[in-house]
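Printed here is start_19.txt (compact mmCIF, C-alpha atoms):
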```txt
# COMPACT_ATOMS: atom_id res chain seq x y z
CA MET A 16 -0.74 -42.37 42.63
CA ILE A 17 -3.18 -43.64 40.03
CA LYS A 18 -5.11 -40.41 39.59
CA ASP A 19 -1.97 -38.54 38.50
CA ASP A 20 -1.21 -41.26 35.94
CA VAL A 21 -4.59 -41.21 34.19
CA LEU A 22 -6.03 -39.03 31.45
CA ALA A 23 -9.75 -39.45 30.77
CA ILE A 24 -11.09 -39.17 27.22
CA ILE A 25 -14.88 -39.03 26.84
CA LEU A 26 -16.29 -39.75 23.40
CA GLY A 27 -19.24 -37.53 22.55
CA GLY A 28 -20.49 -39.67 19.68
CA GLY A 29 -21.57 -38.69 16.22
CA GLN A 30 -24.81 -37.11 15.04
CA GLY A 31 -26.84 -39.11 17.56
CA SER A 32 -29.46 -39.89 14.93
CA ARG A 33 -31.06 -42.61 17.06
CA LEU A 34 -31.79 -40.00 19.74
CA TYR A 35 -33.35 -37.59 17.25
CA PRO A 36 -35.14 -35.17 17.76
CA LEU A 37 -33.42 -34.70 21.14
CA THR A 38 -30.15 -34.25 19.22
CA ALA A 39 -31.55 -31.88 16.59
CA LYS A 40 -30.16 -28.83 18.40
CA ARG A 41 -27.63 -30.34 20.81
CA SER A 42 -24.93 -33.02 20.89
CA LYS A 43 -25.59 -36.39 22.55
CA PRO A 44 -23.58 -35.60 25.70
CA ALA A 45 -25.65 -32.42 26.17
CA VAL A 46 -29.02 -34.23 26.20
CA PRO A 47 -30.76 -33.61 29.58
CA ILE A 48 -31.34 -36.52 31.94
CA ALA A 49 -33.04 -36.96 35.34
CA GLY A 50 -34.60 -33.51 35.34
CA LYS A 51 -31.47 -31.48 36.09
CA TYR A 52 -28.39 -33.19 34.64
CA ARG A 53 -26.94 -33.78 31.19
CA LEU A 54 -25.61 -37.12 29.90
CA VAL A 55 -22.01 -35.88 29.96
CA ASP A 56 -22.32 -35.31 33.72
CA ILE A 57 -22.38 -39.09 34.27
CA PRO A 58 -18.87 -40.02 33.02
CA LEU A 59 -17.44 -36.74 34.29
CA SER A 60 -18.90 -37.36 37.77
CA ASN A 61 -17.56 -40.93 37.78
CA CYS A 62 -14.12 -39.51 37.00
CA ILE A 63 -14.32 -36.84 39.71
CA ASN A 64 -15.56 -39.38 42.28
CA SER A 65 -12.54 -41.51 41.33
CA ASN A 66 -10.17 -38.52 41.77
CA ILE A 67 -9.45 -38.46 38.03
CA THR A 68 -9.59 -34.76 37.25
CA ARG A 69 -7.91 -34.34 33.87
CA MET A 70 -10.63 -34.90 31.31
CA PHE A 71 -11.25 -34.27 27.63
CA VAL A 72 -14.65 -34.44 25.93
CA LEU A 73 -14.59 -35.10 22.18
CA THR A 74 -17.49 -33.97 20.03
CA GLN A 75 -18.25 -32.47 16.63
CA PHE A 76 -22.02 -32.00 16.22
CA ASN A 77 -24.08 -29.18 17.76
CA SER A 78 -21.45 -28.55 20.42
CA ALA A 79 -22.48 -25.02 21.49
CA SER A 80 -24.79 -26.02 24.37
CA LEU A 81 -22.34 -28.67 25.55
CA ASN A 82 -19.51 -26.18 25.51
CA ARG A 83 -21.61 -23.71 27.51
CA HIS A 84 -22.60 -26.39 30.05
CA ILE A 85 -19.03 -27.52 30.64
CA LYS A 86 -17.76 -23.94 30.90
CA ASN A 87 -20.43 -23.06 33.46
CA THR A 88 -20.08 -26.26 35.48
CA TYR A 89 -16.61 -27.73 35.72
CA ASN A 90 -14.41 -25.06 37.25
CA PHE A 91 -11.56 -26.26 39.43
CA SER A 92 -9.07 -24.54 41.68
CA LEU A 93 -6.49 -22.33 39.96
CA PHE A 94 -3.86 -24.13 42.04
CA SER A 95 -4.66 -27.63 40.75
CA ASN A 96 -4.04 -29.30 37.40
CA ALA A 97 -7.70 -30.38 37.09
CA PHE A 98 -9.63 -29.51 33.93
CA VAL A 99 -12.43 -30.53 31.60
CA ASP A 100 -11.62 -29.48 28.03
CA LEU A 101 -13.99 -29.79 25.10
CA LEU A 102 -12.34 -30.86 21.84
CA ALA A 103 -14.50 -30.44 18.75
CA ALA A 104 -13.38 -31.83 15.41
CA GLU A 105 -10.99 -29.32 13.85
CA GLN A 106 -9.27 -28.95 10.54
CA THR A 107 -5.48 -28.89 10.67
CA MET A 108 -2.76 -28.67 8.04
CA SER A 109 -2.39 -32.45 8.19
CA ASN A 110 -6.08 -33.42 8.46
CA LYS A 111 -9.12 -31.70 7.02
CA ASN A 112 -11.68 -34.43 7.85
CA TRP A 113 -14.31 -34.74 10.55
CA PHE A 114 -14.09 -37.60 13.06
CA GLN A 115 -14.82 -40.82 11.17
CA GLY A 116 -15.24 -43.05 14.24
CA THR A 117 -14.25 -43.44 17.88
CA ALA A 118 -10.63 -44.33 17.22
CA ASP A 119 -10.30 -41.65 14.55
CA ALA A 120 -11.60 -39.06 17.03
CA VAL A 121 -8.88 -40.06 19.49
CA ARG A 122 -6.26 -40.14 16.72
CA GLN A 123 -7.10 -36.63 15.51
CA SER A 124 -6.93 -35.33 19.08
CA MET A 125 -3.72 -37.10 20.12
CA HIS A 126 -1.59 -33.97 19.87
CA HIS A 127 -3.72 -32.44 22.64
CA PHE A 128 -3.41 -35.52 24.87
CA LEU A 129 0.34 -35.89 24.42
CA SER A 130 0.96 -32.42 25.81
CA HIS A 131 0.10 -33.98 29.21
CA ASP A 132 2.00 -36.55 31.25
CA PHE A 133 0.04 -39.77 31.77
CA LYS A 134 0.61 -43.52 31.86
CA TYR A 135 -2.92 -44.70 31.16
CA ALA A 136 -5.71 -43.40 28.93
CA LEU A 137 -9.22 -44.04 30.24
CA ILE A 138 -11.60 -43.93 27.27
CA LEU A 139 -15.30 -43.55 28.06
CA SER A 140 -18.60 -43.14 26.26
CA GLY A 141 -20.59 -39.94 26.76
CA ASP A 142 -24.03 -41.57 26.55
CA GLN A 143 -24.17 -44.22 29.28
CA LEU A 144 -25.79 -44.28 32.73
CA TYR A 145 -23.80 -46.03 35.46
CA GLN A 146 -21.68 -45.52 38.56
CA MET A 147 -18.18 -47.01 38.65
CA ASP A 148 -15.05 -46.53 40.74
CA PHE A 149 -12.42 -46.21 38.02
CA ASN A 150 -9.63 -46.64 40.58
CA VAL A 151 -10.56 -50.32 40.92
CA LEU A 152 -10.68 -50.71 37.14
CA ILE A 153 -7.27 -49.11 36.62
CA GLN A 154 -5.66 -50.94 39.55
CA ARG A 155 -6.80 -54.24 38.04
CA HIS A 156 -5.28 -53.14 34.75
CA VAL A 157 -1.96 -52.36 36.43
CA ASP A 158 -1.86 -55.50 38.60
CA SER A 159 -2.66 -57.82 35.69
CA GLY A 160 0.08 -56.48 33.46
CA ALA A 161 -2.46 -55.96 30.66
CA ARG A 162 -1.81 -53.46 27.89
CA ILE A 163 -5.55 -52.91 27.33
CA THR A 164 -8.45 -53.42 29.74
CA ILE A 165 -12.07 -53.56 28.64
CA ALA A 166 -14.92 -53.20 31.13
CA THR A 167 -17.43 -55.96 30.46
CA LEU A 168 -20.95 -56.55 31.70
CA PRO A 169 -22.35 -60.09 32.11
CA VAL A 170 -25.60 -60.26 30.13
CA LYS A 171 -28.22 -62.83 29.23
CA ALA A 172 -28.17 -64.58 25.85
CA GLU A 173 -31.12 -62.60 24.50
CA GLU A 174 -29.41 -59.31 25.46
CA GLY A 175 -26.01 -60.29 24.11
CA THR A 176 -27.11 -60.21 20.48
CA GLU A 177 -27.00 -56.40 20.68
CA PHE A 178 -23.38 -56.18 21.92
CA GLY A 179 -19.84 -57.14 21.12
CA ILE A 180 -19.24 -60.31 23.16
CA MET A 181 -15.89 -61.29 24.69
CA LYS A 182 -14.53 -64.75 25.47
CA THR A 183 -12.00 -65.00 28.34
CA ASP A 184 -9.55 -67.53 29.76
CA HIS A 185 -9.10 -68.52 33.41
CA GLU A 186 -7.10 -65.33 34.09
CA SER A 187 -9.86 -63.09 32.67
CA MET A 188 -7.75 -62.32 29.62
CA ILE A 189 -9.76 -61.84 26.44
CA THR A 190 -9.08 -64.55 23.87
CA SER A 191 -11.71 -63.78 21.22
CA PHE A 192 -14.44 -61.35 20.24
CA VAL A 193 -17.61 -61.44 18.15
CA GLU A 194 -19.77 -58.48 17.15
CA LYS A 195 -23.51 -58.94 17.79
CA PRO A 196 -23.76 -62.74 17.50
CA ASN A 197 -27.11 -64.25 16.56
CA ALA A 198 -29.27 -66.17 19.05
CA HIS A 199 -27.74 -69.53 18.12
CA GLU A 200 -24.12 -68.38 17.87
CA ILE A 201 -24.01 -66.64 21.24
CA LEU A 202 -24.59 -69.91 23.13
CA LYS A 203 -20.94 -70.83 22.43
CA TRP A 204 -19.63 -67.58 23.93
CA ASN A 205 -20.18 -68.04 27.67
CA SER A 206 -17.32 -67.11 30.02
CA ASP A 207 -16.48 -67.57 33.69
CA VAL A 208 -18.66 -65.25 35.77
CA SER A 209 -19.57 -64.99 39.46
CA ASP A 210 -22.05 -67.34 41.11
CA TYR A 211 -24.52 -64.46 41.37
CA MET A 212 -24.30 -63.77 37.64
CA ILE A 213 -24.76 -67.50 36.96
CA SER A 214 -27.92 -67.50 39.08
CA GLU A 215 -29.17 -64.55 37.00
CA GLY A 216 -28.41 -66.35 33.75
CA ARG A 217 -25.91 -63.65 32.78
CA LEU A 218 -23.14 -65.76 31.28
CA TYR A 219 -21.94 -63.63 28.35
CA LEU A 220 -19.48 -60.74 28.62
CA ALA A 221 -20.63 -57.67 26.72
CA SER A 222 -18.25 -54.81 26.01
CA MET A 223 -19.33 -51.64 27.82
CA GLY A 224 -17.29 -49.34 25.59
CA ILE A 225 -15.03 -48.45 28.55
CA TYR A 226 -11.32 -48.94 27.87
CA VAL A 227 -7.96 -48.47 29.58
CA PHE A 228 -4.89 -48.25 27.32
CA ASP A 229 -1.23 -48.02 28.20
CA ARG A 230 0.01 -44.73 26.81
CA ASP A 231 2.72 -46.17 24.57
CA LEU A 232 0.39 -48.78 23.10
CA LEU A 233 -2.30 -46.19 22.38
CA ILE A 234 0.26 -44.08 20.52
CA GLU A 235 1.35 -47.13 18.52
CA LEU A 236 -2.23 -48.11 17.63
CA MET A 237 -3.16 -44.58 16.63
CA ASN A 238 -0.30 -44.52 14.13
CA ASP A 239 -2.28 -47.00 12.01
CA THR A 240 -4.57 -44.63 10.11
CA SER A 241 -6.53 -47.49 8.49
CA THR A 242 -8.53 -48.09 11.70
CA ILE A 243 -11.34 -45.73 12.67
CA ASP A 244 -13.29 -47.51 15.43
CA PHE A 245 -12.32 -49.11 18.76
CA GLY A 246 -15.10 -51.68 19.01
CA LYS A 247 -15.08 -52.84 15.40
CA GLU A 248 -11.37 -52.66 14.57
CA ILE A 249 -8.87 -51.72 17.30
CA ILE A 250 -10.06 -54.23 19.91
CA PRO A 251 -10.62 -57.26 17.60
CA GLN A 252 -7.28 -56.68 15.85
CA SER A 253 -5.45 -56.38 19.19
CA ILE A 254 -6.66 -59.75 20.53
CA GLY A 255 -3.80 -62.24 20.30
CA LYS A 256 -1.26 -59.45 19.78
CA HIS A 257 -1.53 -57.71 23.14
CA LYS A 258 -2.55 -58.75 26.64
CA ILE A 259 -6.17 -57.61 27.09
CA LEU A 260 -7.99 -57.90 30.42
CA SER A 261 -11.73 -58.21 30.91
CA TYR A 262 -12.82 -56.25 33.97
CA GLN A 263 -16.21 -57.63 34.94
CA PHE A 264 -18.65 -55.03 36.23
CA GLU A 265 -21.79 -56.25 37.98
CA GLY A 266 -23.49 -52.94 38.79
CA TYR A 267 -26.20 -51.05 36.93
CA TRP A 268 -25.29 -49.90 33.43
CA THR A 269 -27.36 -48.89 30.44
CA ASP A 270 -26.46 -47.52 27.06
CA ILE A 271 -28.53 -44.44 26.15
CA GLY A 272 -28.53 -45.31 22.47
CA ASN A 273 -32.07 -44.63 21.34
CA ILE A 274 -35.33 -42.98 22.40
CA ARG A 275 -36.67 -46.12 24.08
CA SER A 276 -33.57 -46.70 26.25
CA TYR A 277 -33.42 -42.98 27.09
CA PHE A 278 -37.10 -42.95 28.11
CA GLU A 279 -36.80 -46.12 30.23
CA ALA A 280 -33.60 -44.93 31.92
CA ASN A 281 -35.29 -41.72 33.04
CA LEU A 282 -38.51 -43.33 34.23
CA GLY A 283 -36.48 -46.05 35.98
CA LEU A 284 -35.20 -43.33 38.32
CA THR A 285 -38.71 -43.10 39.79
CA ASP A 286 -38.67 -46.71 41.05
CA PRO A 287 -38.91 -47.11 44.85
CA ILE A 288 -35.29 -48.30 44.89
CA PRO A 289 -33.85 -47.26 41.53
CA SER A 290 -30.97 -49.21 40.01
CA PHE A 291 -29.10 -45.95 39.48
CA ASN A 292 -28.65 -44.36 42.90
CA MET A 293 -28.69 -40.56 42.73
CA PHE A 294 -28.92 -40.38 46.53
CA ASP A 295 -25.50 -41.86 47.29
CA ASN A 296 -23.33 -39.91 49.76
CA VAL A 297 -20.13 -40.71 47.87
CA SER A 298 -21.01 -41.36 44.21
CA ARG A 299 -22.50 -37.95 43.58
CA VAL A 300 -23.65 -36.71 40.20
CA TYR A 301 -22.29 -33.22 39.54
CA THR A 302 -23.88 -30.62 37.32
CA ARG A 303 -24.32 -26.89 36.92
CA ALA A 304 -25.11 -25.19 40.25
CA ARG A 305 -28.23 -23.20 39.38
CA ILE A 306 -29.70 -20.78 41.90
CA LEU A 307 -33.34 -21.89 41.83
CA PRO A 308 -36.16 -21.72 44.38
CA PRO A 309 -37.73 -24.87 45.79
CA SER A 310 -40.60 -26.33 43.81
CA LYS A 311 -44.14 -25.21 44.66
CA ILE A 312 -46.88 -27.86 44.43
CA SER A 313 -50.57 -27.07 45.02
CA GLY A 314 -53.31 -29.72 45.22
CA THR A 315 -51.44 -32.34 43.21
CA SER A 316 -51.43 -36.10 43.83
CA LEU A 317 -47.86 -37.33 43.40
CA LYS A 318 -46.84 -40.99 42.98
CA ASP A 319 -43.40 -42.39 42.15
CA SER A 320 -42.13 -39.18 40.60
CA ILE A 321 -39.09 -36.92 40.66
CA ILE A 322 -39.62 -33.16 40.82
CA ALA A 323 -36.59 -30.98 40.09
CA ASP A 324 -35.93 -27.47 41.45
CA GLY A 325 -37.94 -24.39 40.64
CA CYS A 326 -41.21 -25.97 39.45
CA ILE A 327 -44.70 -24.51 39.78
CA ILE A 328 -47.23 -27.34 39.75
CA HIS A 329 -51.02 -27.11 40.03
CA GLY A 330 -51.89 -30.32 38.16
CA THR A 331 -54.30 -32.95 39.44
CA ARG A 332 -52.02 -36.00 39.22
CA ILE A 333 -48.40 -36.82 38.42
CA GLU A 334 -47.43 -40.48 38.32
CA ARG A 335 -44.13 -42.22 37.41
CA SER A 336 -42.75 -39.11 35.79
CA VAL A 337 -39.63 -36.96 35.89
CA ILE A 338 -40.39 -33.23 35.99
CA GLY A 339 -37.39 -31.08 35.08
CA ILE A 340 -36.24 -27.68 36.29
CA ARG A 341 -38.60 -24.67 36.10
CA SER A 342 -41.49 -26.80 34.84
CA ARG A 343 -45.02 -25.42 35.03
CA ILE A 344 -48.11 -27.64 35.03
CA GLY A 345 -51.59 -26.11 35.01
CA LYS A 346 -54.71 -26.97 36.97
CA GLY A 347 -56.62 -30.15 36.17
CA SER A 348 -53.75 -31.71 34.20
CA THR A 349 -52.62 -35.33 34.52
CA VAL A 350 -49.06 -36.41 33.71
CA ILE A 351 -48.23 -40.14 33.62
CA SER A 352 -45.02 -41.93 32.54
CA THR A 353 -43.57 -38.76 31.12
CA TYR A 354 -40.21 -37.01 31.09
CA MET A 355 -40.74 -33.25 31.09
CA MET A 356 -37.35 -31.56 30.67
CA GLY A 357 -38.50 -28.16 31.89
CA ASN A 358 -37.48 -24.65 30.88
CA ASP A 359 -34.32 -22.59 30.55
CA SER A 360 -35.92 -19.52 32.14
CA TYR A 361 -39.12 -18.22 33.72
CA GLN A 362 -41.69 -16.01 32.08
CA THR A 363 -41.98 -12.87 34.19
CA LEU A 364 -45.32 -11.53 35.37
CA GLN A 365 -44.79 -8.55 33.06
CA GLU A 366 -44.26 -10.82 30.05
CA ILE A 367 -47.37 -12.84 30.92
CA ALA A 368 -49.46 -9.68 31.28
CA LYS A 369 -48.12 -8.21 28.04
CA ASN A 370 -48.93 -11.37 26.10
CA SER A 371 -52.14 -12.35 27.85
CA ASN A 372 -53.44 -14.17 24.77
CA ASP A 373 -50.25 -16.20 24.40
CA MET A 374 -49.80 -19.59 26.03
CA LEU A 375 -47.58 -20.06 29.05
CA MET A 376 -44.43 -22.16 29.09
CA GLY A 377 -45.05 -25.73 30.22
CA ILE A 378 -48.28 -27.74 30.32
CA GLY A 379 -51.57 -25.86 30.31
CA GLU A 380 -54.80 -26.64 32.15
CA GLY A 381 -56.97 -29.73 31.68
CA CYS A 382 -54.29 -31.72 29.79
CA HIS A 383 -53.61 -35.46 29.76
CA ILE A 384 -49.96 -36.28 28.97
CA GLU A 385 -48.86 -39.94 28.99
CA ASN A 386 -45.86 -41.85 27.57
CA VAL A 387 -44.32 -38.60 26.37
CA ILE A 388 -40.97 -36.82 26.33
CA LEU A 389 -41.38 -33.05 26.41
CA ASP A 390 -38.19 -31.35 25.30
CA LYS A 391 -37.22 -28.00 26.80
CA ASN A 392 -39.20 -24.77 26.54
CA CYS A 393 -42.36 -26.31 25.11
CA LYS A 394 -45.77 -24.65 25.34
CA ILE A 395 -48.64 -27.11 25.68
CA GLY A 396 -52.02 -25.41 25.34
CA ASN A 397 -55.08 -26.05 27.52
CA ASN A 398 -57.03 -29.30 27.08
CA VAL A 399 -54.32 -31.04 25.08
CA THR A 400 -54.31 -34.86 25.06
CA ILE A 401 -51.13 -36.73 24.16
CA ILE A 402 -51.19 -40.46 24.91
CA GLY A 403 -48.30 -42.47 23.53
CA GLY A 404 -48.20 -46.24 23.25
CA PRO A 405 -47.67 -49.17 20.87
CA HIS A 406 -50.87 -48.27 19.03
CA LEU A 407 -49.11 -45.28 17.45
CA GLU A 408 -47.07 -45.65 14.26
CA ASN A 409 -43.64 -44.06 13.94
CA LYS A 410 -43.88 -40.65 12.29
CA GLU A 411 -42.50 -37.12 12.32
CA THR A 412 -44.27 -33.78 12.09
CA ASP A 413 -43.12 -30.21 12.66
CA LEU A 414 -44.28 -30.50 16.28
CA TYR A 415 -43.34 -34.01 17.39
CA VAL A 416 -41.79 -37.38 16.61
CA ILE A 417 -43.28 -40.77 17.48
CA ALA A 418 -40.61 -43.44 18.04
CA GLY A 419 -41.53 -46.87 19.36
CA GLY A 420 -44.81 -45.58 20.76
CA ILE A 421 -43.15 -42.71 22.64
CA VAL A 422 -44.26 -39.21 21.62
CA VAL A 423 -41.34 -36.78 21.67
CA VAL A 424 -42.47 -33.15 21.56
CA LYS A 425 -39.71 -31.13 19.93
CA LYS A 426 -37.76 -28.40 21.68
CA GLU A 427 -39.42 -24.97 21.90
CA VAL A 428 -42.55 -25.94 19.94
CA THR A 429 -46.10 -24.85 20.71
CA ILE A 430 -48.90 -27.40 20.83
CA PRO A 431 -52.19 -25.50 20.31
CA PRO A 432 -55.14 -25.82 22.72
CA GLY A 433 -57.33 -28.88 22.23
CA TYR A 434 -54.70 -30.76 20.19
CA VAL A 435 -55.01 -34.56 20.37
CA ILE A 436 -52.43 -37.29 19.77
CA LYS A 437 -53.63 -40.75 20.81
```
Rewrite the coordinates I just gave you, this time as structure tokens.
Amino acid sequence: MIKDDVLAIILGGGQGSRLYPLTAKRSKPAVPIAGKYRLVDIPLSNCINSNITRMFVLTQFNSASLNRHIKNTYNFSLFSNAFVDLLAAEQTMSNKNWFQGTADAVRQSMHHFLSHDFKYALILSGDQLYQMDFNVLIQRHVDSGARITIATLPVKAEEGTEFGIMKTDHESMITSFVEKPNAHEILKWNSDVSDYMISEGRLYLASMGIYVFDRDLLIELMNDTSTIDFGKEIIPQSIGKHKILSYQFEGYWTDIGNIRSYFEANLGLTDPIPSFNMFDNVSRVYTRARILPPSKISGTSLKDSIIADGCIIHGTRIERSVIGIRSRIGKGSTVISTYMMGNDSYQTLQEIAKNSNDMLMGIGEGCHIENVILDKNCKIGNNVTIIGGPHLENKETDLYVIAGGIVVVKKEVTIPPGYVIK
């Protein structure tokens, strides 16, 4: 019953400047993750696993690769009403502006949503890593009689200063909200949480940016054109006017908001028992079904790493790294704490022979790569050393960006042989 009543709306975000240079040529939802997926696959997979199969993705920056990914991935039966539609910002006779914020994006797209029958709008972020059964969330919304439900994550005081924090009553209804309280202020904002969360010191309810709205209320709120953002305006202004439920989520969740969080989320997948479980029989992560050979690994010591399909690896050592599709790593190379996104295609033997003086795609021979993100289709010459860490200052060149000690090699660049960053 619930799945036919729900329309999912996934917010693709703005320019994604905090994820630059990964967003220089693609939108935030299209940024690769875990060696073979894209960020947008996470909320879409959560919806599909929850039998919610009518989905819109809203975006406006660099949407070509995202559009191509969705077109090539999410194809449903002709005899079902399932779909994933990409809605980029568009000029109309009544509005000639780009999306100004999350609520404005939904407002400008409302005419598309209202052509479908639904009772509840499930509004999600396109740049978060988590697994959630939305059926439980929506059922709680229905049972409570709430008009709005906000998924909240219990966090520690030191973490809460980076989030909007909710205060709830004994029925888990939200009574007040504060945006990014300081370290002293947050101590007054504890709410009722489970005994396990208390034992963890996670007493403060942070908004996850996951919302359920009753259809009629969403229409009413979108009629107010003075509001442009859910977190900063719609939610705070609705408290006290409408019944708003806090749905406490105690699973793994992280916001992929900047290079550091993106890097740590990917490397966290290499843990012996990762917090995000890609190996679940039910909560699968869906993506484009590529026809790739198995990876070939010769003489390489592997430790705590993920190797995607279609790789050719001759390196000496790979440790706590994620190696993406079609990656190539040459002999004598060491790769540590690195996310290598891989390549969009292979170089043929004929191409290699024709350009024998040109470097091959991937990492060459005798390299040392550590604390690095290698964007797609990079060429790293032989005997290159790139060692990121806190000793490096933030900077940008034509070849790479250093952000918080992490060296991000830009998409499709060539690092010449013998180059050193350390």
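With all atoms listed in the file as the atoms that count, the residue of A:Ser95, A:Thr240, A:Gln146, A:Thr285 with the shortest distance to Gly266 (chain A) is A:Gln146.
Comparing A:Val157, A:Leu26, A:Ala97, A:Leu220 by their smallest distance to Ile138 (chain A), the closest is A:Leu26 (using all atoms listed in the file).
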Take CA of Gly379 (chain A) and CA of Ser276 (chain A) and report the distance between them in Å, one decimal.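 Going from CA of Gly379 (chain A) over to CA of Ser276 (chain A), I get 27.8 Å.
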From A:Gln252, A:Ile378, A:Ser241, A:Ala166, residue lying nearest Tyr226 (chain A) [all atoms listed in the file]: A:Ala166
Each residue of region 340-365 of chain A with at least one atom at most 12 Å from region 28-48 of chain A should appear once, together with its nearest atom pair and the corresponding distance in Å (one decimal); atoms considered: all atoms listed in the file; ordering: chain, then increasing residue number; output as a tab-separated table.
```
residue	atom	partner	partner_atom	distance
A:Ile340	CA	A:Pro47	CA	10.5
A:Tyr354	CA	A:Ile48	CA	8.9
A:Met355	CA	A:Ile48	CA	10.0
A:Met356	CA	A:Pro47	CA	7.0
A:Gly357	CA	A:Pro47	CA	9.7
A:Asn358	CA	A:Pro47	CA	11.3
A:Asp359	CA	A:Pro47	CA	11.6
```
Between region 209-328 of chain A and region 90-93 of chain A, at 12 Å or less, what are the per-residue closest atom pairs and their distances in Å? Count all atoms listed in the file, order by chain and rising residue number, and return it as CSV.
```
residue,atom,partner,partner_atom,distance
A:Tyr301,CA,A:Asn90,CA,11.6
A:Thr302,CA,A:Asn90,CA,11.0
A:Arg303,CA,A:Asn90,CA,10.1
A:Ala304,CA,A:Asn90,CA,11.1
```
Go ahead and compute the interatomic distance for CA of Asp20 (chain A) and CA of Phe149 (chain A), in Å to one decimal.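 According to the coordinates, CA of Asp20 (chain A) and CA of Phe149 (chain A) are separated by 12.4 Å.
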With only C-alpha atoms as the basis for distance, which of A:Lys391, A:Lys346, A:Thr117, A:Ile213 is at the shortest distance from Thr242 (chain A)? A:Thr117
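We find CA of Lys425 (chain A) and CA of Asp390 (chain A) to be spaced 5.6 Å apart.
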Pick from A:Arg299, A:Lys86, A:Lys311, A:Arg305, whichever lies nearest to Asn61 (chain A) using all atoms listed in the file: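 That would be A:Arg299, the residue with the smallest distance to Asn61 (chain A).
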Within 8 Å of Ala198 (chain A) using all atoms listed in the file, minus same-chain residues under 2 positions, as a ChimeraX atom specification: /A:172-173,176,196,200-202
